[in-house]
$ cat input31.txt   # compact mmCIF, C-alpha atoms (C1' of nucleotides) and all ligand atoms
# COMPACT_ATOMS: atom_id res chain seq x y z
CA MET V 1 106.03 96.23 100.53
CA PRO V 2 103.55 93.38 100.62
CA GLU V 3 99.99 94.62 100.16
CA LEU V 4 96.94 92.71 98.97
CA PRO V 5 98.31 91.64 95.55
CA GLU V 6 101.64 90.49 96.94
CA VAL V 7 100.06 88.57 99.81
CA GLU V 8 97.57 87.01 97.41
CA THR V 9 100.42 85.95 95.15
CA ILE V 10 102.31 84.18 97.91
CA ARG V 11 99.05 82.69 99.21
CA ARG V 12 98.45 81.03 95.86
CA GLY V 13 102.01 79.77 95.70
CA LEU V 14 101.90 78.28 99.19
CA ASP V 15 98.46 76.80 98.71
CA ASN V 16 99.68 75.05 95.57
CA GLN V 17 102.95 73.87 97.03
CA ILE V 18 102.59 73.11 100.71
CA ALA V 19 98.92 72.50 101.45
CA GLY V 20 98.80 68.92 102.67
CA LEU V 21 102.42 68.77 103.85
CA ARG V 22 103.22 67.61 107.38
CA ILE V 23 105.55 69.81 109.42
CA LYS V 24 108.56 67.86 110.64
CA SER V 25 110.10 70.63 112.72
CA VAL V 26 109.98 74.35 113.39
CA GLN V 27 112.96 76.49 114.27
CA VAL V 28 112.39 79.90 115.85
CA LYS V 29 115.58 81.91 115.68
CA LYS V 30 114.04 85.19 116.81
CA ALA V 31 111.28 85.03 119.39
CA ARG V 32 110.19 88.60 118.58
CA LEU V 33 108.54 87.36 115.38
CA VAL V 34 106.27 84.94 117.27
CA LYS V 35 103.34 86.48 119.08
CA GLY V 36 102.61 84.63 122.27
CA SER V 37 104.52 81.69 123.69
CA VAL V 38 107.29 80.33 121.46
CA LYS V 39 107.15 77.02 123.30
CA LYS V 40 103.46 76.65 122.52
CA PHE V 41 104.03 77.82 118.94
CA ILE V 42 106.54 75.04 118.34
CA ALA V 43 104.45 72.46 120.16
CA VAL V 44 101.33 73.21 118.10
CA LEU V 45 103.11 73.24 114.75
CA THR V 46 105.40 70.25 115.12
CA GLY V 47 103.71 67.26 113.47
CA ASN V 48 100.81 69.43 112.31
CA VAL V 49 99.64 69.70 108.67
CA PHE V 50 98.97 72.79 106.55
CA LEU V 51 95.54 72.20 105.07
CA LYS V 52 94.77 75.44 103.27
CA PHE V 53 96.04 79.00 102.84
CA ASN V 54 93.53 81.82 103.01
CA ARG V 55 93.86 85.59 103.13
CA ARG V 56 92.01 88.57 104.61
CA GLY V 57 93.42 91.93 103.62
CA LYS V 58 97.15 91.58 104.08
CA LEU V 59 96.83 88.80 106.64
CA LEU V 60 97.70 85.24 105.61
CA ILE V 61 95.73 82.51 107.35
CA ALA V 62 96.95 78.91 107.27
CA ALA V 63 94.42 76.32 108.40
CA LEU V 64 96.02 73.52 110.39
CA LYS V 65 94.86 69.92 110.68
CA SER V 66 94.58 70.37 114.47
CA GLY V 67 91.76 72.88 113.91
CA GLN V 68 93.94 75.82 114.84
CA PHE V 69 95.25 78.51 112.50
CA LEU V 70 98.63 80.06 111.81
CA LEU V 71 98.33 83.79 111.16
CA ILE V 72 101.15 85.44 109.22
CA HIS V 73 101.62 89.17 108.72
CA LEU V 74 104.53 90.35 106.57
CA LYS V 75 104.16 94.07 107.39
CA MET V 76 106.69 95.95 105.22
CA THR V 77 109.71 93.72 104.86
CA GLY V 78 108.48 90.21 105.55
CA GLN V 79 109.14 87.45 103.04
CA LEU V 80 108.02 83.85 102.75
CA ILE V 81 110.27 81.67 100.66
CA TYR V 82 109.57 78.01 100.03
CA GLN V 83 112.48 75.90 98.89
CA HIS V 84 112.05 72.41 97.50
CA GLY V 85 115.20 71.15 95.87
CA ARG V 86 116.01 73.68 93.18
CA GLN V 87 112.48 75.06 93.18
CA LEU V 88 111.93 78.41 94.89
CA ILE V 89 108.57 80.05 95.59
CA ALA V 90 109.04 83.52 96.99
CA GLY V 91 106.68 86.22 98.04
CA GLY V 92 106.46 89.41 100.02
CA HIS V 93 109.01 92.17 100.19
CA SER V 94 111.86 91.99 97.74
CA PHE V 95 114.61 94.41 96.95
CA VAL V 96 117.60 94.84 94.73
CA GLY V 97 120.63 93.01 96.03
CA MET V 98 118.80 90.76 98.46
CA ASP V 99 120.58 87.69 99.69
CA TRP V 100 119.04 84.64 98.07
CA ARG V 101 121.03 82.18 100.19
CA LEU V 102 118.80 80.40 102.66
CA PRO V 103 118.71 80.72 105.51
CA ASN V 104 120.28 84.18 105.58
CA ARG V 105 120.73 86.72 108.36
CA HIS V 106 117.13 87.86 108.00
CA THR V 107 115.70 84.38 108.38
CA HIS V 108 113.89 84.19 111.72
CA ILE V 109 111.62 81.15 111.47
CA ILE V 110 112.15 77.94 109.48
CA PHE V 111 109.61 75.18 108.83
CA SER V 112 111.01 71.81 107.70
CA PHE V 113 108.80 69.27 105.98
CA ARG V 114 109.12 65.53 105.71
CA ASN V 115 109.93 65.68 102.01
CA GLY V 116 113.03 67.74 102.73
CA SER V 117 111.53 71.04 101.64
CA ARG V 118 111.61 74.13 103.86
CA LEU V 119 109.68 77.36 104.33
CA PHE V 120 111.65 80.41 105.44
CA PHE V 121 110.16 83.47 107.13
CA ASN V 122 112.52 86.37 106.58
CA ASP V 123 112.02 89.91 107.82
CA LEU V 124 114.65 92.62 107.69
CA ARG V 125 112.91 95.07 110.05
CA GLN V 126 111.29 92.39 112.19
CA PHE V 127 107.86 94.03 112.25
CA GLY V 128 106.07 90.99 110.84
CA TYR V 129 104.75 88.17 112.98
CA MET V 130 103.41 84.66 113.17
CA LYS V 131 100.75 83.65 115.66
CA ILE V 132 98.73 80.54 116.49
CA VAL V 133 95.04 81.10 117.11
CA SER V 134 91.98 78.97 117.80
CA LYS V 135 88.87 79.11 115.63
CA ILE V 136 87.25 81.51 118.13
CA GLU V 137 90.29 83.77 118.21
CA LEU V 138 90.42 83.77 114.41
CA GLU V 139 86.81 84.93 114.17
CA LYS V 140 87.65 87.73 116.56
CA GLU V 141 90.67 88.78 114.46
CA LEU V 142 88.66 88.76 111.25
CA LYS V 143 86.05 91.10 112.70
CA LYS V 144 88.65 93.86 112.63
CA PHE V 145 88.67 93.96 108.83
CA GLY V 146 86.54 96.05 106.49
CA ILE V 147 85.26 95.18 103.05
CA GLU V 148 87.48 92.91 100.99
CA PRO V 149 88.34 94.11 97.48
CA LEU V 150 87.93 91.57 94.66
CA THR V 151 85.02 89.88 96.44
CA ALA V 152 81.24 90.22 95.95
CA GLY V 153 80.94 92.19 99.19
CA PHE V 154 83.04 94.96 97.66
CA SER V 155 80.09 96.76 96.10
CA LEU V 156 79.81 100.43 95.19
CA LYS V 157 77.02 100.75 97.73
CA ASN V 158 79.17 99.39 100.55
CA PHE V 159 82.11 101.51 99.41
CA VAL V 160 80.09 104.73 99.35
CA GLU V 161 78.71 104.02 102.83
CA ILE V 162 82.24 103.95 104.21
CA PHE V 163 82.78 107.53 103.11
CA ALA V 164 79.78 108.85 105.02
CA ASN V 165 80.52 110.85 108.17
CA LYS V 166 84.29 110.58 107.81
CA LYS V 167 86.46 113.65 108.29
CA THR V 168 89.84 112.17 107.52
CA SER V 169 91.80 112.31 104.24
CA ALA V 170 90.99 110.13 101.23
CA LYS V 171 94.29 108.26 101.52
CA ALA V 172 94.02 107.65 105.25
CA LEU V 173 90.56 106.17 104.76
CA LEU V 174 91.69 103.95 101.87
CA MET V 175 94.50 102.61 104.04
CA ASN V 176 92.41 102.02 107.16
CA GLN V 177 92.02 98.24 107.36
CA LYS V 178 88.91 98.60 109.55
CA PHE V 179 87.05 99.96 106.53
CA ILE V 180 88.84 98.63 103.44
CA ALA V 181 91.14 95.64 103.74
CA GLY V 182 94.35 95.22 101.81
CA LEU V 183 95.43 98.65 100.57
CA GLY V 184 98.81 99.90 101.76
CA ASN V 185 100.88 102.96 101.00
CA ILE V 186 101.73 102.10 97.40
CA TYR V 187 98.30 101.11 96.14
CA ALA V 188 96.53 103.90 98.06
CA ASP V 189 98.64 106.45 96.15
CA GLU V 190 97.88 104.66 92.88
CA VAL V 191 94.14 104.55 93.56
CA CYS V 192 94.10 108.29 94.34
CA PHE V 193 95.92 108.97 91.08
CA TYR V 194 93.44 106.82 89.16
CA ALA V 195 90.55 108.83 90.65
CA LYS V 196 92.32 112.17 90.03
CA VAL V 197 92.01 112.90 93.75
CA LYS V 198 94.81 114.36 95.84
CA PRO V 199 95.63 111.95 98.70
CA SER V 200 95.21 114.79 101.22
CA ARG V 201 91.65 115.62 100.11
CA ARG V 202 89.19 115.60 103.02
CA VAL V 203 86.55 112.94 102.60
CA PRO V 204 83.56 115.34 103.06
CA SER V 205 84.77 117.36 100.04
CA LEU V 206 84.73 114.36 97.69
CA THR V 207 82.02 114.32 95.03
CA GLU V 208 79.89 111.29 94.28
CA GLY V 209 81.79 110.90 91.02
CA GLU V 210 85.16 110.97 92.77
CA ILE V 211 84.13 108.32 95.28
CA LYS V 212 82.93 106.14 92.42
CA LYS V 213 86.29 106.62 90.69
CA LEU V 214 88.12 105.66 93.90
CA TYR V 215 85.98 102.52 94.01
CA GLN V 216 86.76 101.67 90.40
CA GLY V 217 90.43 102.40 91.04
CA CYS V 218 90.55 99.87 93.87
CA ARG V 219 89.02 97.20 91.66
CA VAL V 220 90.95 97.91 88.48
CA ILE V 221 94.37 98.44 90.07
CA LEU V 222 94.23 95.54 92.53
CA ALA V 223 92.93 93.13 89.88
CA LYS V 224 95.66 94.18 87.49
CA ALA V 225 98.32 93.92 90.20
CA VAL V 226 97.20 90.42 91.21
CA LYS V 227 97.29 89.38 87.57
CA ALA V 228 100.83 90.76 87.32
CA ARG V 229 101.65 88.86 90.53
CA GLY V 230 102.28 91.95 92.56
CA THR V 231 104.87 94.67 92.67
CA THR V 232 108.46 93.77 93.25
CA PHE V 233 111.38 96.09 93.35
CA SER V 234 114.04 93.70 92.22
CA ASP V 235 114.82 91.18 89.56
CA TYR V 236 113.40 88.31 91.51
CA VAL V 237 112.16 85.37 89.53
CA ASP V 238 109.97 82.63 90.94
CA ALA V 239 109.85 78.92 90.22
CA ASP V 240 108.18 79.47 86.88
CA GLY V 241 110.75 82.05 85.86
CA ARG V 242 108.29 84.93 85.92
CA GLN V 243 108.75 88.26 87.66
CA GLY V 244 106.28 90.12 89.83
CA GLY V 245 105.55 92.64 87.13
CA PHE V 246 103.37 95.41 88.52
CA ILE V 247 106.20 97.84 89.15
CA LYS V 248 106.12 98.98 85.56
CA PHE V 249 102.42 99.86 85.95
CA LEU V 250 102.97 102.16 88.92
CA LYS V 251 102.03 105.70 87.91
CA VAL V 252 103.09 107.77 90.93
CA TYR V 253 104.68 105.68 93.69
CA GLY V 254 108.47 105.94 93.52
CA ARG V 255 108.24 108.37 90.58
CA LYS V 256 109.08 111.66 92.29
CA GLY V 257 110.39 114.17 89.76
CA GLU V 258 109.11 112.23 86.74
CA LYS V 259 106.71 113.75 84.27
CA CYS V 260 103.13 112.64 84.87
CA ARG V 261 102.26 109.70 82.64
CA ARG V 262 98.69 110.86 82.23
CA CYS V 263 98.59 114.62 81.74
CA ARG V 264 102.20 114.95 80.54
CA ARG V 265 102.30 118.40 82.16
CA GLY V 266 102.69 117.85 85.86
CA VAL V 267 105.74 116.52 87.67
CA ILE V 268 105.12 113.89 90.34
CA VAL V 269 105.76 115.26 93.82
CA LYS V 270 106.39 113.43 97.06
CA ILE V 271 105.10 114.80 100.33
CA LYS V 272 104.81 113.49 103.86
CA GLN V 273 101.25 112.70 104.89
CA GLY V 274 100.48 110.97 108.15
CA GLY V 275 104.16 110.13 108.43
CA ARG V 276 104.11 108.29 105.09
CA GLY V 277 105.67 109.09 101.75
CA THR V 278 102.83 110.24 99.50
CA HIS V 279 103.04 110.67 95.74
CA PHE V 280 100.75 112.54 93.36
CA CYS V 281 100.52 114.77 90.28
CA PRO V 282 99.71 118.38 91.30
CA GLN V 283 98.35 119.07 87.81
CA CYS V 284 95.73 116.40 87.26
CA GLN V 285 94.81 115.36 90.83
CA GLN V 286 92.38 117.74 92.55
C1' DA E 1 83.87 108.38 119.09
C1' DC E 2 87.09 109.81 116.23
C1' DA E 3 91.57 111.76 114.44
C1' DC E 4 96.27 111.88 114.81
C1' DC E 5 100.97 110.85 116.23
C1' DG E 6 104.85 108.17 118.33
C1' DT E 7 106.71 103.62 118.39
C1' DC E 8 108.80 99.25 116.97
C1' DC E 9 113.36 97.80 113.61
C1' DT E 10 117.47 97.54 110.26
C1' DG E 11 120.01 98.87 106.12
C1' DC E 12 121.02 102.23 102.97
C1' DG E 13 121.99 106.92 101.25
C1' DT E 14 123.76 111.42 102.31
C1' DG E 15 126.64 114.94 104.23
C1' DC E 16 130.51 116.54 106.92
C1' DT O 1 137.35 106.50 104.95
C1' DG O 2 134.31 106.86 108.82
C1' DC O 3 130.68 108.16 111.43
C1' DA O 4 126.12 110.26 112.55
C1' DC O 5 121.84 110.96 111.04
C1' DG O 6 117.48 110.69 108.33
C1' DC O 7 114.45 107.84 106.00
C1' DA O 8 111.50 103.79 104.72
C1' DG O 9 106.35 102.25 106.84
C1' DG O 10 101.74 98.60 109.03
C1' DA O 11 99.36 98.54 112.84
C1' DC O 12 98.78 99.41 117.56
C1' DG O 13 98.45 102.15 121.76
C1' DG O 14 98.16 106.49 123.80
C1' DT O 15 96.59 111.25 123.64
C1' DG O 16 93.64 115.21 122.71
ZN ZN T 1 99.13 114.55 85.82

$ encode --input "input31.txt" --output "structure tokens"
Amino acid sequence: MPELPEVETIRRGLDNQIAGLRIKSVQVKKARLVKGSVKKFIAVLTGNVFLKFNRRGKLLIAALKSGQFLLIHLKMTGQLIYQHGRQLIAGGHSFVGMDWRLPNRHTHIIFSFRNGSRLFFNDLRQFGYMKIVSKIELEKELKKFGIEPLTAGFSLKNFVEIFANKKTSAKALLMNQKFIAGLGNIYADEVCFYAKVKPSRRVPSLTEGEIKKLYQGCRVILAKAVKARGTTFSDYVDADGRQGGFIKFLKVYGRKGEKCRRCRRGVIVKIKQGGRGTHFCPQCQQ
DNA sequence: ACACCGTCCTGCGTGC
DNA sequence: TGCACGCAGGACGGTG
């Protein structure tokens, strides 16, 4: 599912390809995916220009020439696919056997540009959304996010402070966007593995050294995943013919029953924690 | 104030 | 072969 590295990857693609393009028309096929008034959504976007694509956590933020912003959240199964002639820039959720015809039955919103290119917003489970906000509303939305990994504000000091006076589990804290922005179920499991910490460990029981390792894990794993252009679970290839290659670096997620790649003794188990599939090595994670 | 759980949704895998 | 059911999970709202 799209987490920080996957959203960052599509952000870069869209910023390169469609920043500066004028929107000719917008087609909303499923109103559920638009937060707020669909009529207003279409009215604001038609004739508008995408100036710049930014990101906060897993939230994509497109600055519009009108001064407003288009917020895009892909949740678990959202995809953004930009098609210009034979060129295809895709990002977000991908899976084996997906339908690459566009639009397909999961296409809910389509942007058409004057140069004939199109941007498709697909979402199998329809949990994702698009939303128009003003500058003021954007500021309000951004206040909900915690420290942003891969930025200067993501310091060890700030990270350690987050762990003070928390009683929840290590994984739940890592995934809480109010405190740390951008980690989802996959990368939270990977960070816990990196730090040799069981995802269920209560925060008060964590040592200083373990918190530091969790911090390093966030930095190392997310940086590596962005460099690999995210994790994809299919053979998808983008315009440059490269695959999102992080899947081969995953150590625990989706590896239930496999021998641990670190200690070579444990077997990766999958449990349910907080209603989410949670993976770890019972041998080398404490 | 904080922790936790149900909810939204569709397609796929499993078992009878 | 067909059908019912469980599972996948981000973020929000309600509950304790
Ligand atoms: Zn191990």

$ closest_residue --input "input31.txt" --among "V:Lys171, V:Lys196, V:Lys270, V:Lys227" --to "ligand ZN 1 (chain T)" --atoms "all atoms listed in the file"
V:Lys196

$ interface_residues --input "input31.txt" --of "chain O" --to "chain V" --cutoff "10 Å" --atoms "only C-alpha atoms (C1' of nucleotides)" --output "list in words"
DC7, DA8, DG9, DG10 and DA11 of chain O

$ write_last_selection --input "input31.txt" --atoms "C-alpha atoms (C1' of nucleotides)" --output "compact mmCIF listing (two decimals), keeping the file's coordinate frame"
# COMPACT_ATOMS: atom_id res chain seq x y z
C1' DC O 7 114.45 107.84 106.00
C1' DA O 8 111.50 103.79 104.72
C1' DG O 9 106.35 102.25 106.84
C1' DG O 10 101.74 98.60 109.03
C1' DA O 11 99.36 98.54 112.84

$ atom_distance --input "input31.txt" --atom1 "atom CA of Arg261 of chain V" --atom2 "atom CA of His279 of chain V"
13.2 Å

$ residues_near_ligand --input "input31.txt" --ligand "ligand ZN 1 (chain T)" --cutoff "9 Å" --atoms "only C-alpha atoms (C1' of nucleotides) and all ligand atoms" --output "list in words"
Phe193, Lys196, Lys259, Cys260, Arg261, Arg262, Cys263, Arg264, Arg265, Gly266, Val267, Ile268, Phe280, Cys281, Pro282, Gln283, Cys284 and Gln285 of chain V

$ write_last_selection --input "input31.txt" --atoms "C-alpha atoms" --output "PDB file, in the frame of the given file"
ATOM      1  CA  PHE V 193      95.920 108.970  91.080  1.00  0.00           C
ATOM      2  CA  LYS V 196      92.320 112.170  90.030  1.00  0.00           C
ATOM      3  CA  LYS V 259     106.710 113.750  84.270  1.00  0.00           C
ATOM      4  CA  CYS V 260     103.130 112.640  84.870  1.00  0.00           C
ATOM      5  CA  ARG V 261     102.260 109.700  82.640  1.00  0.00           C
ATOM      6  CA  ARG V 262      98.690 110.860  82.230  1.00  0.00           C
ATOM      7  CA  CYS V 263      98.590 114.620  81.740  1.00  0.00           C
ATOM      8  CA  ARG V 264     102.200 114.950  80.540  1.00  0.00           C
ATOM      9  CA  ARG V 265     102.300 118.400  82.160  1.00  0.00           C
ATOM     10  CA  GLY V 266     102.690 117.850  85.860  1.00  0.00           C
ATOM     11  CA  VAL V 267     105.740 116.520  87.670  1.00  0.00           C
ATOM     12  CA  ILE V 268     105.120 113.890  90.340  1.00  0.00           C
ATOM     13  CA  PHE V 280     100.750 112.540  93.360  1.00  0.00           C
ATOM     14  CA  CYS V 281     100.520 114.770  90.280  1.00  0.00           C
ATOM     15  CA  PRO V 282      99.710 118.380  91.300  1.00  0.00           C
ATOM     16  CA  GLN V 283      98.350 119.070  87.810  1.00  0.00           C
ATOM     17  CA  CYS V 284      95.730 116.400  87.260  1.00  0.00           C
ATOM     18  CA  GLN V 285      94.810 115.360  90.830  1.00  0.00           C
TER      19      GLN V 285
END

$ interface_residues --input "input31.txt" --of "chain V" --to "chain E" --cutoff "12 Å" --atoms "all atoms listed in the file" --output "list in words"
Arg32, Leu33, Lys75, Met76, Thr77, Phe95, Val96, Gly97, Met98, Arg105, His106, Asp123, Leu124, Arg125, Gln126, Phe127, Gly128, Asn165, Lys166, Lys167, Thr168, Ser169, Ala172, Leu173, Gln273, Gly274, Gly275 and Arg276 of chain V

$ residues_around --input "input31.txt" --residues "Leu59 of chain V" --least-positions-apart "5" --cutoff "9 Å" --atoms "all atoms listed in the file" --output "number ranges by chain"
V: 4, 7, 54, 71-74, 182

$ write_last_selection --input "input31.txt" --atoms "C-alpha atoms" --output "mmCIF file, in the coordinates of the input"
data_model
loop_
_atom_site.group_PDB
_atom_site.id
_atom_site.type_symbol
_atom_site.label_atom_id
_atom_site.label_comp_id
_atom_site.auth_asym_id
_atom_site.auth_seq_id
_atom_site.Cartn_x
_atom_site.Cartn_y
_atom_site.Cartn_z
ATOM 1 C CA LEU V 4 96.940 92.710 98.970
ATOM 2 C CA VAL V 7 100.060 88.570 99.810
ATOM 3 C CA ASN V 54 93.530 81.820 103.010
ATOM 4 C CA LEU V 71 98.330 83.790 111.160
ATOM 5 C CA ILE V 72 101.150 85.440 109.220
ATOM 6 C CA HIS V 73 101.620 89.170 108.720
ATOM 7 C CA LEU V 74 104.530 90.350 106.570
ATOM 8 C CA GLY V 182 94.350 95.220 101.810
#

$ closest_residue --input "input31.txt" --among "V:Gly67, V:Pro103, V:Ala19, V:Glu148" --to "Ile136 of chain V" --atoms "all atoms listed in the file"
V:Gly67

$ atom_distance --input "input31.txt" --atom1 "atom CA of Gly217 of chain V" --atom2 "atom C1' of DC12 of chain O"
28.0 Å

$ axis_aligned_box --input "input31.txt" --around "segment 272-283 of chain V" --padding-each-side "8 Å" --output "JSON"
{"center_x": 102.0, "center_y": 113.7, "center_z": 98.1, "size_x": 23.3, "size_y": 26.8, "size_z": 36.6}

$ atom_distance --input "input31.txt" --atom1 "atom CA of Lys40 of chain V" --atom2 "atom CA of Thr107 of chain V"
20.2 Å

$ decode --input "input31.txt" --residues "chain E" --atoms "N, CA and C atoms (P, O5', C5', C4', C3', O3' and C1' of nucleotides)" --output "short mmCIF file (atom, residue, chain, number, x, y, z; two decimals), in the first residue's frame"
data_model
loop_
_atom_site.label_atom_id
_atom_site.label_comp_id
_atom_site.auth_asym_id
_atom_site.auth_seq_id
_atom_site.Cartn_x
_atom_site.Cartn_y
_atom_site.Cartn_z
P DA E 1 -7.18 17.81 27.28
"O5'" DA E 1 -6.27 16.52 27.28
"C5'" DA E 1 -5.50 16.23 28.46
"C4'" DA E 1 -5.12 14.79 28.40
"C3'" DA E 1 -4.68 14.32 27.03
"O3'" DA E 1 -3.49 13.56 27.17
"C1'" DA E 1 -6.43 12.96 27.81
P DC E 2 -2.66 13.24 25.83
"O5'" DC E 2 -2.74 11.66 25.79
"C5'" DC E 2 -2.67 10.94 27.01
"C4'" DC E 2 -3.45 9.66 26.87
"C3'" DC E 2 -3.13 8.87 25.59
"O3'" DC E 2 -2.45 7.69 25.98
"C1'" DC E 2 -5.45 8.87 26.09
P DA E 3 -1.80 6.76 24.84
"O5'" DA E 3 -2.84 5.55 24.81
"C5'" DA E 3 -3.13 4.86 26.01
"C4'" DA E 3 -4.19 3.82 25.75
"C3'" DA E 3 -3.93 2.95 24.52
"O3'" DA E 3 -4.21 1.60 24.87
"C1'" DA E 3 -6.04 4.01 24.31
P DC E 4 -3.84 0.42 23.87
"O5'" DC E 4 -5.25 0.03 23.24
"C5'" DC E 4 -6.34 -0.26 24.11
"C4'" DC E 4 -7.63 -0.26 23.32
"C3'" DC E 4 -7.57 -1.06 22.00
"O3'" DC E 4 -8.64 -1.98 22.00
"C1'" DC E 4 -8.56 1.05 21.67
P DC E 5 -8.54 -3.28 21.06
"O5'" DC E 5 -10.02 -3.35 20.49
"C5'" DC E 5 -11.12 -2.80 21.23
"C4'" DC E 5 -12.18 -2.27 20.27
"C3'" DC E 5 -12.29 -3.06 18.95
"O3'" DC E 5 -13.66 -3.25 18.65
"C1'" DC E 5 -11.99 -0.78 18.48
P DG E 6 -14.08 -4.40 17.62
"O5'" DG E 6 -15.20 -3.67 16.75
"C5'" DG E 6 -16.19 -2.88 17.39
"C4'" DG E 6 -16.76 -1.88 16.40
"C3'" DG E 6 -17.12 -2.47 15.03
"O3'" DG E 6 -18.36 -1.92 14.63
"C1'" DG E 6 -15.57 -0.71 14.76
P DT E 7 -19.05 -2.40 13.29
"O5'" DT E 7 -18.58 -1.31 12.23
"C5'" DT E 7 -19.03 0.04 12.35
"C4'" DT E 7 -18.42 0.87 11.24
"C3'" DT E 7 -18.52 0.22 9.86
"O3'" DT E 7 -19.47 0.90 9.07
"C1'" DT E 7 -16.34 1.17 10.28
P DC E 8 -20.12 0.16 7.83
"O5'" DC E 8 -19.32 0.81 6.62
"C5'" DC E 8 -19.35 2.23 6.41
"C4'" DC E 8 -18.18 2.64 5.54
"C3'" DC E 8 -18.04 1.78 4.28
"O3'" DC E 8 -18.69 2.43 3.20
"C1'" DC E 8 -15.92 2.22 5.36
P DC E 9 -19.52 1.50 2.18
"O5'" DC E 9 -18.38 0.79 1.32
"C5'" DC E 9 -17.56 1.57 0.45
"C4'" DC E 9 -16.47 0.69 -0.12
"C3'" DC E 9 -17.00 -0.59 -0.77
"O3'" DC E 9 -17.21 -0.34 -2.15
"C1'" DC E 9 -15.03 -0.98 0.56
P DT E 10 -17.92 -1.44 -3.06
"O5'" DT E 10 -16.73 -2.38 -3.54
"C5'" DT E 10 -15.67 -1.84 -4.31
"C4'" DT E 10 -14.59 -2.89 -4.45
"C3'" DT E 10 -15.06 -4.15 -5.17
"O3'" DT E 10 -14.18 -4.35 -6.26
"C1'" DT E 10 -13.99 -4.69 -3.10
P DG E 11 -14.45 -5.49 -7.33
"O5'" DG E 11 -13.29 -6.52 -6.96
"C5'" DG E 11 -11.94 -6.07 -7.02
"C4'" DG E 11 -11.02 -7.16 -6.50
"C3'" DG E 11 -11.23 -8.52 -7.17
"O3'" DG E 11 -9.94 -9.09 -7.30
"C1'" DG E 11 -11.57 -8.74 -4.86
P DC E 12 -9.73 -10.34 -8.31
"O5'" DC E 12 -8.91 -11.32 -7.38
"C5'" DC E 12 -7.95 -10.80 -6.46
"C4'" DC E 12 -7.83 -11.73 -5.27
"C3'" DC E 12 -7.83 -13.21 -5.64
"O3'" DC E 12 -6.73 -13.83 -5.01
"C1'" DC E 12 -9.37 -12.79 -3.90
P DG E 13 -6.20 -15.24 -5.56
"O5'" DG E 13 -6.25 -16.16 -4.26
"C5'" DG E 13 -5.68 -15.70 -3.04
"C4'" DG E 13 -6.26 -16.50 -1.89
"C3'" DG E 13 -6.32 -18.01 -2.12
"O3'" DG E 13 -5.75 -18.67 -1.00
"C1'" DG E 13 -8.47 -17.19 -1.51
P DT E 14 -5.58 -20.26 -0.99
"O5'" DT E 14 -6.77 -20.75 -0.06
"C5'" DT E 14 -6.92 -20.16 1.24
"C4'" DT E 14 -8.22 -20.64 1.86
"C3'" DT E 14 -8.45 -22.16 1.75
"O3'" DT E 14 -8.67 -22.69 3.05
"C1'" DT E 14 -10.38 -20.97 1.07
P DG E 15 -8.56 -24.28 3.32
"O5'" DG E 15 -10.06 -24.68 3.69
"C5'" DG E 15 -10.80 -23.88 4.60
"C4'" DG E 15 -12.28 -24.19 4.45
"C3'" DG E 15 -12.61 -25.69 4.29
"O3'" DG E 15 -13.74 -26.00 5.10
"C1'" DG E 15 -13.54 -24.48 2.50
P DC E 16 -14.05 -27.54 5.54
"O5'" DC E 16 -15.55 -27.72 5.04
"C5'" DC E 16 -16.55 -26.78 5.43
"C4'" DC E 16 -17.71 -26.81 4.45
"C3'" DC E 16 -18.24 -28.22 4.14
"O3'" DC E 16 -19.66 -28.24 4.24
"C1'" DC E 16 -17.78 -27.06 2.13
#
